[in-house]
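Peer 1: Here you go, one structure.
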Amino acid sequence: MQKGILILLSFIFFISIYAQKEQLSPAQSEGLKEGQSNFRAGVRIGFSCSQITGDGFPFQGFNKFGAFAGPFVNFPITKNGKWFIQTELNFIMKGCKHVPKFNEYGNIVGPVIHQYVLQLMYGEIPLLVKWKIIKGLELELGPAFGILFKNTDVEKVDGYINIGAPPFFRFEFAGIIGVNYRFYKHLGASLRYEGSFLPVRKHTQHDYTYLLAGQHNQTFCFSVYYQF
């Protein structure tokens with residue numbers, strides 16, 4: 001099942017690349033043949049820090065760290081080269097982590113849960129519009145479609161492990177906003193924020209029926225990238 005999901009994501013990614021190439025002007029297409037086009041590819045690697053919010057979820061804070069990596073392609077959509085479209089195929093880890101704090105008397109401060117770790121692993125395809133502000137500095141904005149292929153939800157209370165929270169939805173629809181800075185010819189760094197538009201799971205104690213109820217991912221990602 002997981003292999004099938006990854007194959008599907010790869011298929012969508014490369015179809016997006018082909019569609020972008022087909023939309024190039026005749027002059028740009030000729031440039032592709034001559035190796036002179038601005039149609040560029042690259043790869044990034046970095047880390048994410050995330051949290052889950054919504055419907056009274058008690059563990060706030062971007063305390064869950066994870067991996068973030070994947071290839072990308074982009075091409076200009078304006079003659080002055082200020083605006084780009086970028087498609088990516090990323091592996092990203094989200095979730096949350098809570099390690100309790102104790103006061104001077106040895107009592108837990110906050111929710112009476114000794115430890116809680118939630119780890120979500122997604123394959124994700126963003127479709128971003130990028131704006132080159134000045135040389136080397138870019139803003140990016142756009143949606144991202146993700147497929148959850150593994151999750152671990154563990155709650156430890158007094159040494160016991162409780163598992164039984166509502167399942168996570170298989171698909172995620174999120175929004176991305178970020179900034180990139182290319183500090184060398186092919187090397188750059190990226191910082192982005194990503195938040196899910198739709199819930200990724202219903203809350204454990206509520207069964208709301210309206211659209212945005214439930215728990216939502218919120219993630220910051222930092223990465224370095226190499227553009228060929």
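Residues are named by chain letter and number: chains run A, B, ... in the order of the structure tokens, numbers start at 1 in each chain, and ligands are numbered from 1 in the order shown.
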Excluding same-chain residues fewer than 5 positions from Gly81 in chain A, what lies within 10 Å of it counting only C-alpha atoms, as a list of chain:residue names?

Peer 2: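 Here the qualifying residues turn out to be A:Asn38, A:Phe75, A:Pro76, A:Trp131, A:Lys132.
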
Peer 1: Mind running range 70-152 of chain A against range 171-181 of chain A at 9 Å and telling me each contacting residue's nearest atom pair with the distance in Å (one decimal), counting only C-alpha atoms, chain and number ascending, as CSV?

Peer 2:
```
residue,atom,partner,partner_atom,distance
A:Tyr122,CA,A:Glu172,CA,8.8
A:Glu124,CA,A:Glu172,CA,8.7
A:Pro126,CA,A:Ile176,CA,8.0
A:Leu128,CA,A:Ile176,CA,8.0
A:Lys135,CA,A:Tyr181,CA,8.8
A:Gly136,CA,A:Tyr181,CA,5.3
A:Leu137,CA,A:Tyr181,CA,4.6
A:Glu138,CA,A:Asn180,CA,5.1
A:Leu139,CA,A:Val179,CA,4.6
A:Glu140,CA,A:Gly178,CA,5.1
A:Leu141,CA,A:Ile177,CA,4.6
A:Gly142,CA,A:Ile176,CA,5.4
A:Pro143,CA,A:Gly175,CA,4.4
A:Ala144,CA,A:Ala174,CA,5.1
A:Phe145,CA,A:Phe173,CA,5.0
A:Gly146,CA,A:Glu172,CA,4.9
A:Ile147,CA,A:Phe171,CA,4.7
A:Leu148,CA,A:Phe171,CA,6.2
```

Peer 1: Hey, what does DSSP flag as strand (DSSP E or B) within range 70-131 of chain A? Can you give it to me as number ranges by chain?

Peer 2: A: 70-76, 83-88, 90-98, 101-102, 108-109, 115-131

Peer 1: Distance CA of Ser196 in chain A-CA of Thr87 in chain A, one decimal place?

Peer 2: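 Those two atoms sit 18.2 Å apart.
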
Peer 1: For each of A:Phe72, A:Phe169, A:Phe149, A:Phe65, take the minimum atom-to-atom distance to Leu127 in chain A, counting only C-alpha atoms, then give the residue where this is smallest.

Peer 2: A:Phe72

Peer 1: Which residue gives the smallest distance to Glu155 in chain A among A:Cys49, A:Val99, A:Ile77, A:Ala69, with only C-alpha atoms counted?

Peer 2: A:Val99

Peer 1: Any idea what's packed within 10 Å of Gln60 in chain A, counting only C-alpha atoms, ignoring anything in its chain fewer than 3 positions away? Could you give it as a ChimeraX atom specification?

Peer 2: /A:50-54,56-57,63,96-98

Peer 1: Could you work out how far CA of Gln119 in chain A lies from CA of Phe102 in chain A, giving the answer in Å with one decimal?

Peer 2: 24.1 Å

Peer 1: Out of A:Lys101, A:Lys150, A:Arg170, A:Arg40, which residue has the shortest atom-to-atom distance to Phe228 in chain A when counting only C-alpha atoms?

Peer 2: A:Arg40
